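Participant: A single structure is presented below for examination.
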Amino acid sequence: MHRPAHLLALLIALAGTSAGDALATRGSRYVTSGQCAGLPGVQLKMAKGFCIGLAASGLGLPRGVLPLADGRVLVTDLGRWDAKAGRLLMLSPRPGGFEVRPLLKGLDRPHGLQTGPDGKIYLAEAGRILRVDLERTPPTTPVITGLPAEGRHPLKQFVFGPDGALYISVGASSDHCEDAPAPRGMRCPEAERDTPAAAIWRYAQVDGRWVGKPFARGLRNAMALAFAPDGNLWQAENSRDTLPGGGDAETLPHDELNRIRPGAHYGWPYCTDMGRFDPAFAPGDCSRYTKPERLLPAHSAPLGMAFYTHADAPAAWRGSLVIGLHGYRREGHRIIAWPFDTTGRPAQKFKVLVDGWQASAHHPLGAPTDIKADPRGRLWVTEDRNGTLLVISPL
């Protein structure tokens with residue numbers, strides 16, 4: 001799911017959208033009412049103890065978000081799928097909204113944004129990771145280059161680990177290795193080669209150079225990545241679009257929540273759910289692959305997630321893993337939170353934090369993309385379908 005072809009009409013409509021110098025909440029498709037932490041309130045169905053405000057609109061195709069310590073917010077605008085038209089935007093707070101200023105232009109399908117252990121900003125284009133220093137000329141330095149930038153899932157998400165290494169998602173070039181030569185047996189070339197796609201790669205500095213190795217594989221599109229407080233890496237998986245062997249493609253296969261272990265293989269494209277085998281790869285055995293910790297709704301398309309550990313987070317939600325479900329089908333367009341117990345395991349069921357994005361007179365259908373928490377316990381959410389930045393604030 002989440003294919004560029006499905007978004008072509010939307011991209012054409014948004015290609016000319018730009019963020020001006022005026023307050024960026026103007027022209028929004030949302031009907032706002034009241035206030036949420038000084039911003040226009042959005043009338044979505046919120047969990048008790050929270051409100052949601054509209055920080056900015058007209059942001060193009062906003063993907064990554066990064067709140068800064070001084071109150072400003074960085075956002076990547078993907079631009080277009082077929083041209084280097086992406087931007088890095090700086091949003092500066094003003095009464096009732098944010099002023100938007102482009103910092104970088106001509107980026108190649110930018111997505112991920114993180115602060116590194118060195119305090120610098122890191123940005124992911126489709127084929128490389130850049131370090132951004134706006135006080136220098138040129139303002140960007142390539143850190144990792146040569147990443148696969150074509151195919152069905154070219155965008156890059158990444159996180160820094162407690163070890164200072166970079167963990168980068170390299171998505172599969174196909175849905176379920178459907179282009180592999182037959183007979184396929186149990187070997188999909190891009191999943192099994194020495195330089196796999198459908199994998200998470202770990203890059204560490206060795207003698208001043210970033211050296212990468214596969215960390216885990218069999219993960220179709222790991223756009224949601226987050227390290228837990230205990231140091232474990234978690235991933236929410238965008239599973240395949242079509243059901244192995246045919247059948248009900250609306251409710252199966254499930255998307256997944258995975259604890260990522262070094263060297264593990266999570267089964268793409270051969271197995272989905274808790275071991276549902278694709279007969280196109282027969283003979284085979286799903287027991288050889290690492291199973292998900294939990295299942296997410298089918299085609300919910302998790303894209304952004306963050307552990308909500310801040311002291312100002314409401315107690316009932318503190319420590320939860322917050323996940324944005326980007327999917328346009330019936331199980332998407334929500335933000336959920338998965339409680340974790342004291343042993344570091346997710347509860348059996350998630351809780352819904354934001355809902356009600358279904359068709360309404362008060363707001364368009366939503367598509368939450370990235371999520372980051374700030375030191376005040378607020379959650380910043382980009383939404384690429386409508387070009388907005390939303391803020392979830394504790395009451």
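To be explicit about the labels: the chains of the structure tokens are called A, B, and onward in the order shown, and within each one the residues are counted from 1, while ligands get numbers from 1 in the order they are shown.
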Name the residues in contact with A:Arg376 at a cut-off of 9 Å, using only C-alpha atoms, excluding same-chain residues fewer than 5 positions from it; report them as a list of chain:residue names.

Facilitator: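 That gives A:His310, A:Ala311, A:Asp312, A:Ala313, A:Ser393.
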
Participant: Print the selection's residues with N, CA and C atoms to a file, as a PDB file, in the first residue's frame.

Facilitator:
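The file below, selection-v5.pdb, is the result:
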ATOM      1  N   HIS A 310       7.164  11.542  27.631  1.00  0.00           N
ATOM      2  CA  HIS A 310       7.425  12.812  28.297  1.00  0.00           C
ATOM      3  C   HIS A 310       6.626  12.937  29.596  1.00  0.00           C
ATOM      4  N   ALA A 311       7.217  13.643  30.558  1.00  0.00           N
ATOM      5  CA  ALA A 311       6.610  13.771  31.880  1.00  0.00           C
ATOM      6  C   ALA A 311       5.260  14.463  31.832  1.00  0.00           C
ATOM      7  N   ASP A 312       5.051  15.347  30.849  1.00  0.00           N
ATOM      8  CA  ASP A 312       3.785  16.062  30.742  1.00  0.00           C
ATOM      9  C   ASP A 312       2.705  15.263  30.021  1.00  0.00           C
ATOM     10  N   ALA A 313       3.027  14.084  29.549  1.00  0.00           N
ATOM     11  CA  ALA A 313       2.004  13.245  28.932  1.00  0.00           C
ATOM     12  C   ALA A 313       1.019  12.781  30.002  1.00  0.00           C
ATOM     13  N   SER A 393      -2.462  18.368  21.954  1.00  0.00           N
ATOM     14  CA  SER A 393      -1.976  18.945  23.213  1.00  0.00           C
ATOM     15  C   SER A 393      -2.734  18.346  24.390  1.00  0.00           C
TER      16      SER A 393
END

Participant: Compile the contact shell of A:Gly146 as a VMD selection string: residues with an atom at most 10 Å away, counting only C-alpha atoms, same-chain residues fewer than 3 positions apart removed.

Facilitator: chain A and resid 126 to 129 149

Participant: If you run DSSP on this backbone, which residues of stretch 100-287 of chain A come out as strand (DSSP E), and could you give them as a PyMOL selection string?

Facilitator: chain A and resi 100-107+113-115+121-124+129-132+140-144+158-160+166-170+199-206+209-217+224-227+233-237+254-260+271-272+276-277

Participant: Excluding stretch 155-158 of chain A and residues on its chain fewer than 4 positions from it, collect all residues at most 9 Å away from it, counting only C-alpha atoms, and give them as a PDB file with C-alpha atoms, in the first residue's frame.

Facilitator:
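For reference, around06.pdb as written:
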ATOM      1  CA  GLY A  64       8.592  14.415   8.184  1.00  0.00           C
ATOM      2  CA  ARG A 109      11.397  13.218  -2.376  1.00  0.00           C
ATOM      3  CA  PRO A 110      12.394  14.143   1.192  1.00  0.00           C
ATOM      4  CA  HIS A 111      10.763  12.293   4.066  1.00  0.00           C
ATOM      5  CA  GLY A 112      12.545  11.503   7.345  1.00  0.00           C
ATOM      6  CA  LEU A 113      13.765  14.183   9.774  1.00  0.00           C
ATOM      7  CA  GLN A 114      15.731  13.562  12.972  1.00  0.00           C
ATOM      8  CA  LEU A 123      17.165  14.720   6.516  1.00  0.00           C
ATOM      9  CA  ALA A 124      16.401  11.747   4.261  1.00  0.00           C
ATOM     10  CA  GLU A 125      16.019  12.127   0.519  1.00  0.00           C
ATOM     11  CA  ALA A 126      15.058   9.100  -1.564  1.00  0.00           C
ATOM     12  CA  GLY A 127      18.680   8.114  -2.238  1.00  0.00           C
ATOM     13  CA  ARG A 128      20.703   9.639   0.589  1.00  0.00           C
ATOM     14  CA  ILE A 129      20.876  11.045   4.108  1.00  0.00           C
ATOM     15  CA  LEU A 147      20.570   4.277  -1.261  1.00  0.00           C
ATOM     16  CA  ALA A 149      15.756   5.428  -4.905  1.00  0.00           C
ATOM     17  CA  GLU A 150      13.476   3.640  -7.377  1.00  0.00           C
ATOM     18  CA  LEU A 166      21.671   5.188  11.923  1.00  0.00           C
ATOM     19  CA  TYR A 167      18.912   2.666  11.233  1.00  0.00           C
ATOM     20  CA  ILE A 168      17.444   3.220   7.761  1.00  0.00           C
ATOM     21  CA  SER A 169      14.435   1.628   6.098  1.00  0.00           C
ATOM     22  CA  VAL A 170      15.023   0.438   2.518  1.00  0.00           C
ATOM     23  CA  GLY A 171      11.590  -0.462   1.161  1.00  0.00           C
ATOM     24  CA  ILE A 200      16.445  -2.146   7.810  1.00  0.00           C
ATOM     25  CA  ALA A 222       9.349   0.032   7.415  1.00  0.00           C
ATOM     26  CA  MET A 223       8.213   3.658   7.342  1.00  0.00           C
ATOM     27  CA  ALA A 224       7.345   3.678  11.065  1.00  0.00           C
ATOM     28  CA  LEU A 225      10.423   3.227  13.262  1.00  0.00           C
ATOM     29  CA  ALA A 226      11.042   4.092  16.927  1.00  0.00           C
TER      30      ALA A 226
END

Participant: Between A:Gly332, A:Gly79, A:Gly96, A:Pro302, which has the minimum distance to A:Asp384 (counting only C-alpha atoms)?

Facilitator: A:Gly79

Participant: Write down as a list of chain:residue names the residues belonging to stretch 272-327 of chain A that are assigned helix (DSSP H, G or I) by DSSP computed on the backbone.

Facilitator: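 Output for stretch 272-327 of chain A, helix (DSSP H, G or I) only: A:Pro279, A:Ala280, A:Phe281, A:Cys286, A:Ser287, A:Arg288.
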
Participant: Give me a file of those residues, with N, CA and C atoms, as an mmCIF file, in the first residue's frame.

Facilitator:
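This went into selection.cif:
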data_model
loop_
_atom_site.group_PDB
_atom_site.id
_atom_site.type_symbol
_atom_site.label_atom_id
_atom_site.label_comp_id
_atom_site.auth_asym_id
_atom_site.auth_seq_id
_atom_site.Cartn_x
_atom_site.Cartn_y
_atom_site.Cartn_z
ATOM 1 N N PRO A 279 0.990 -19.361 -1.194
ATOM 2 C CA PRO A 279 1.229 -20.584 -1.965
ATOM 3 C C PRO A 279 2.016 -20.355 -3.244
ATOM 4 N N ALA A 280 2.151 -19.118 -3.695
ATOM 5 C CA ALA A 280 2.951 -18.848 -4.890
ATOM 6 C C ALA A 280 4.418 -19.178 -4.663
ATOM 7 N N PHE A 281 4.835 -19.287 -3.390
ATOM 8 C CA PHE A 281 6.234 -19.581 -3.081
ATOM 9 C C PHE A 281 6.422 -21.012 -2.587
ATOM 10 N N CYS A 286 6.546 -21.135 7.280
ATOM 11 C CA CYS A 286 6.594 -19.822 7.934
ATOM 12 C C CYS A 286 7.245 -19.865 9.310
ATOM 13 N N SER A 287 7.447 -21.049 9.867
ATOM 14 C CA SER A 287 8.025 -21.130 11.211
ATOM 15 C C SER A 287 9.474 -20.653 11.245
ATOM 16 N N ARG A 288 10.121 -20.570 10.085
ATOM 17 C CA ARG A 288 11.514 -20.127 10.063
ATOM 18 C C ARG A 288 11.643 -18.610 10.199
#

Participant: Considering only C-alpha atoms, state which residue in the set A:Pro364, A:Gly304, A:Pro142, A:Pro339 is at the smallest distance from A:Val352.

Facilitator: A:Pro339

Participant: What gap, in Å, lies between atom CA of A:Ser57 and atom CA of A:Asp70?

Facilitator: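 Computing the Euclidean distance for atom CA of A:Ser57 and atom CA of A:Asp70 yields 21.0 Å.
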
Participant: Just the residues within 12 Å of A:Val206, please, counting only C-alpha atoms, with nothing from its chain fewer than 4 positions along; format it as a PyMOL selection string.

Facilitator: chain A and resi 164-165+210-212

Participant: Include C-alpha atoms and write out the residues we just selected as an mmCIF file, in the first residue's frame.

Facilitator:
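Here's the written file out.cif:
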data_model
loop_
_atom_site.group_PDB
_atom_site.id
_atom_site.type_symbol
_atom_site.label_atom_id
_atom_site.label_comp_id
_atom_site.auth_asym_id
_atom_site.auth_seq_id
_atom_site.Cartn_x
_atom_site.Cartn_y
_atom_site.Cartn_z
ATOM 1 C CA GLY A 164 24.682 6.456 17.801
ATOM 2 C CA ALA A 165 24.165 4.365 14.667
ATOM 3 C CA TRP A 210 29.555 5.630 7.735
ATOM 4 C CA VAL A 211 29.575 1.894 6.977
ATOM 5 C CA GLY A 212 26.290 0.064 6.427
#

Participant: One decimal, in Å: what's the spacing between atom CA of A:Pro253 and atom CA of A:Val65?

Facilitator: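 Taking atom CA of A:Pro253 and atom CA of A:Val65, their separation equals 29.1 Å.
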
Participant: Between A:Asp374, A:Glu383, A:Asp273, A:Glu190, which is the closest to A:Leu66 once you count only C-alpha atoms?

Facilitator: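 Ranked by minimum distance to A:Leu66, first place goes to A:Asp374.
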
Participant: Report, in Å with one decimal, the straight-line distance from atom CA of A:Leu134 to atom CA of A:Pro93.

Facilitator: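 Straight-line distance from atom CA of A:Leu134 to atom CA of A:Pro93 works out to 18.8 Å.
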
Participant: Using only C-alpha atoms, which residues sit within 12 Å of A:Ala236 once same-chain residues fewer than 5 positions away are excluded, as a PyMOL selection string?

Facilitator: chain A and resi 157+169+219-227+254-260+266+292-297+299-306+321-326+338

Participant: Let me see the file: selected residues, N, CA and C atoms, as a tab-separated table (two decimals), in the first residue's frame.

Facilitator:
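The result, stored in part12.tsv:
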chain	number	residue	atom	x	y	z
A	157	GLN	N	12.83	6.42	5.71
A	157	GLN	CA	12.67	6.76	7.11
A	157	GLN	C	13.90	6.26	7.84
A	169	SER	N	15.33	2.52	6.82
A	169	SER	CA	14.44	1.63	6.10
A	169	SER	C	14.71	1.71	4.60
A	219	LEU	N	11.01	-7.12	5.59
A	219	LEU	CA	10.13	-6.05	6.04
A	219	LEU	C	9.77	-5.19	4.82
A	220	ARG	N	8.56	-5.31	4.34
A	220	ARG	CA	8.19	-4.74	3.05
A	220	ARG	C	8.41	-3.23	2.99
A	221	ASN	N	7.99	-2.50	4.03
A	221	ASN	CA	8.10	-1.04	3.98
A	221	ASN	C	8.06	-0.52	5.41
A	222	ALA	N	9.23	-0.30	5.99
A	222	ALA	CA	9.35	0.03	7.42
A	222	ALA	C	9.36	1.54	7.62
A	223	MET	N	8.26	2.21	7.24
A	223	MET	CA	8.21	3.66	7.34
A	223	MET	C	7.97	4.16	8.76
A	224	ALA	N	7.54	3.30	9.67
A	224	ALA	CA	7.34	3.68	11.07
A	224	ALA	C	8.40	2.97	11.91
A	225	LEU	N	9.33	3.76	12.46
A	225	LEU	CA	10.42	3.23	13.26
A	225	LEU	C	10.54	4.04	14.55
A	226	ALA	N	10.83	3.37	15.67
A	226	ALA	CA	11.04	4.09	16.93
A	226	ALA	C	11.79	3.20	17.90
A	227	PHE	N	12.72	3.79	18.62
A	227	PHE	CA	13.40	3.09	19.70
A	227	PHE	C	12.62	3.29	21.00
A	254	HIS	N	-3.06	-8.36	7.49
A	254	HIS	CA	-2.88	-7.33	8.50
A	254	HIS	C	-1.54	-6.61	8.33
A	255	ASP	N	-1.52	-5.34	8.69
A	255	ASP	CA	-0.25	-4.69	8.94
A	255	ASP	C	0.27	-5.18	10.30
A	256	GLU	N	1.51	-4.84	10.62
A	256	GLU	CA	2.17	-5.51	11.74
A	256	GLU	C	2.90	-4.53	12.66
A	257	LEU	N	3.05	-4.94	13.92
A	257	LEU	CA	3.95	-4.28	14.85
A	257	LEU	C	5.04	-5.29	15.21
A	258	ASN	N	6.29	-4.94	14.88
A	258	ASN	CA	7.41	-5.86	15.06
A	258	ASN	C	8.47	-5.30	16.00
A	259	ARG	N	8.96	-6.18	16.87
A	259	ARG	CA	10.18	-5.87	17.62
A	259	ARG	C	11.35	-6.32	16.74
A	260	ILE	N	12.24	-5.39	16.40
A	260	ILE	CA	13.31	-5.70	15.45
A	260	ILE	C	14.53	-6.23	16.18
A	266	TYR	N	11.72	-11.33	8.76
A	266	TYR	CA	10.32	-11.21	9.15
A	266	TYR	C	9.34	-11.73	8.12
A	292	PRO	N	5.19	-11.26	13.98
A	292	PRO	CA	4.91	-9.96	14.60
A	292	PRO	C	4.61	-10.11	16.09
A	293	GLU	N	4.84	-9.03	16.83
A	293	GLU	CA	4.41	-8.99	18.23
A	293	GLU	C	2.90	-8.78	18.31
A	294	ARG	N	2.39	-7.92	17.43
A	294	ARG	CA	0.95	-7.64	17.38
A	294	ARG	C	0.56	-7.37	15.93
A	295	LEU	N	-0.74	-7.51	15.64
A	295	LEU	CA	-1.25	-7.21	14.32
A	295	LEU	C	-2.03	-5.90	14.34
A	296	LEU	N	-1.81	-5.12	13.30
A	296	LEU	CA	-2.56	-3.88	13.08
A	296	LEU	C	-3.67	-4.15	12.06
A	297	PRO	N	-4.67	-3.28	11.99
A	297	PRO	CA	-5.72	-3.49	10.98
A	297	PRO	C	-5.15	-3.52	9.57
A	299	HIS	N	-4.28	-2.82	5.87
A	299	HIS	CA	-4.21	-1.63	5.02
A	299	HIS	C	-4.36	-0.33	5.81
A	300	SER	N	-4.07	-0.36	7.10
A	300	SER	CA	-4.13	0.88	7.89
A	300	SER	C	-2.93	1.77	7.60
A	301	ALA	N	-1.86	1.22	7.05
A	301	ALA	CA	-0.70	1.97	6.57
A	301	ALA	C	-0.05	2.82	7.65
A	302	PRO	N	0.59	2.20	8.64
A	302	PRO	CA	1.31	2.98	9.66
A	302	PRO	C	2.53	3.65	9.04
A	303	LEU	N	2.65	4.94	9.23
A	303	LEU	CA	3.79	5.67	8.66
A	303	LEU	C	4.67	6.32	9.72
A	304	GLY	N	4.09	7.00	10.69
A	304	GLY	CA	4.89	7.65	11.71
A	304	GLY	C	4.56	7.10	13.08
A	305	MET	N	5.57	7.03	13.97
A	305	MET	CA	5.27	6.61	15.33
A	305	MET	C	6.35	7.12	16.27
A	306	ALA	N	5.96	7.26	17.54
A	306	ALA	CA	6.88	7.76	18.56
A	306	ALA	C	6.45	7.24	19.92
A	321	LEU	N	3.18	3.71	22.70
A	321	LEU	CA	3.71	3.90	21.37
A	321	LEU	C	2.60	4.48	20.50
A	322	VAL	N	2.75	5.74	20.09
A	322	VAL	CA	1.72	6.44	19.31
A	322	VAL	C	2.02	6.22	17.83
A	323	ILE	N	1.02	5.80	17.06
A	323	ILE	CA	1.18	5.44	15.66
A	323	ILE	C	0.13	6.14	14.82
A	324	GLY	N	0.56	6.77	13.74
A	324	GLY	CA	-0.37	7.37	12.79
A	324	GLY	C	-0.71	6.38	11.69
A	325	LEU	N	-2.00	6.16	11.48
A	325	LEU	CA	-2.48	5.25	10.43
A	325	LEU	C	-2.89	6.09	9.23
A	326	HIS	N	-2.09	6.01	8.18
A	326	HIS	CA	-2.22	6.90	7.03
A	326	HIS	C	-3.22	6.39	6.00
A	338	TRP	N	-0.40	2.40	21.62
A	338	TRP	CA	-0.28	1.04	22.14
A	338	TRP	C	0.40	1.10	23.50

Participant: Let me make sure I understand: among A:Gln205, A:Thr140, A:Asn232, A:Leu91, which one has the smallest atom-to-atom distance to A:Arg345 if we use only C-alpha atoms?

Facilitator: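 Result for the nearest residue to A:Arg345: A:Asn232.
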
Participant: Using only C-alpha atoms, which protein or nucleic acid residues come within 12 Å of A:Glu178? Drop anything in the same chain fewer than 6 positions from it, and give the result as a list in words.

Facilitator: Arg152, Ala172, Arg184, Arg187, Cys188, Pro189, Glu190, Arg240, Asp241, Thr242, Pro244, Trp268, Pro269, Tyr270, Asp278, Ala280 and Phe281 of chain A
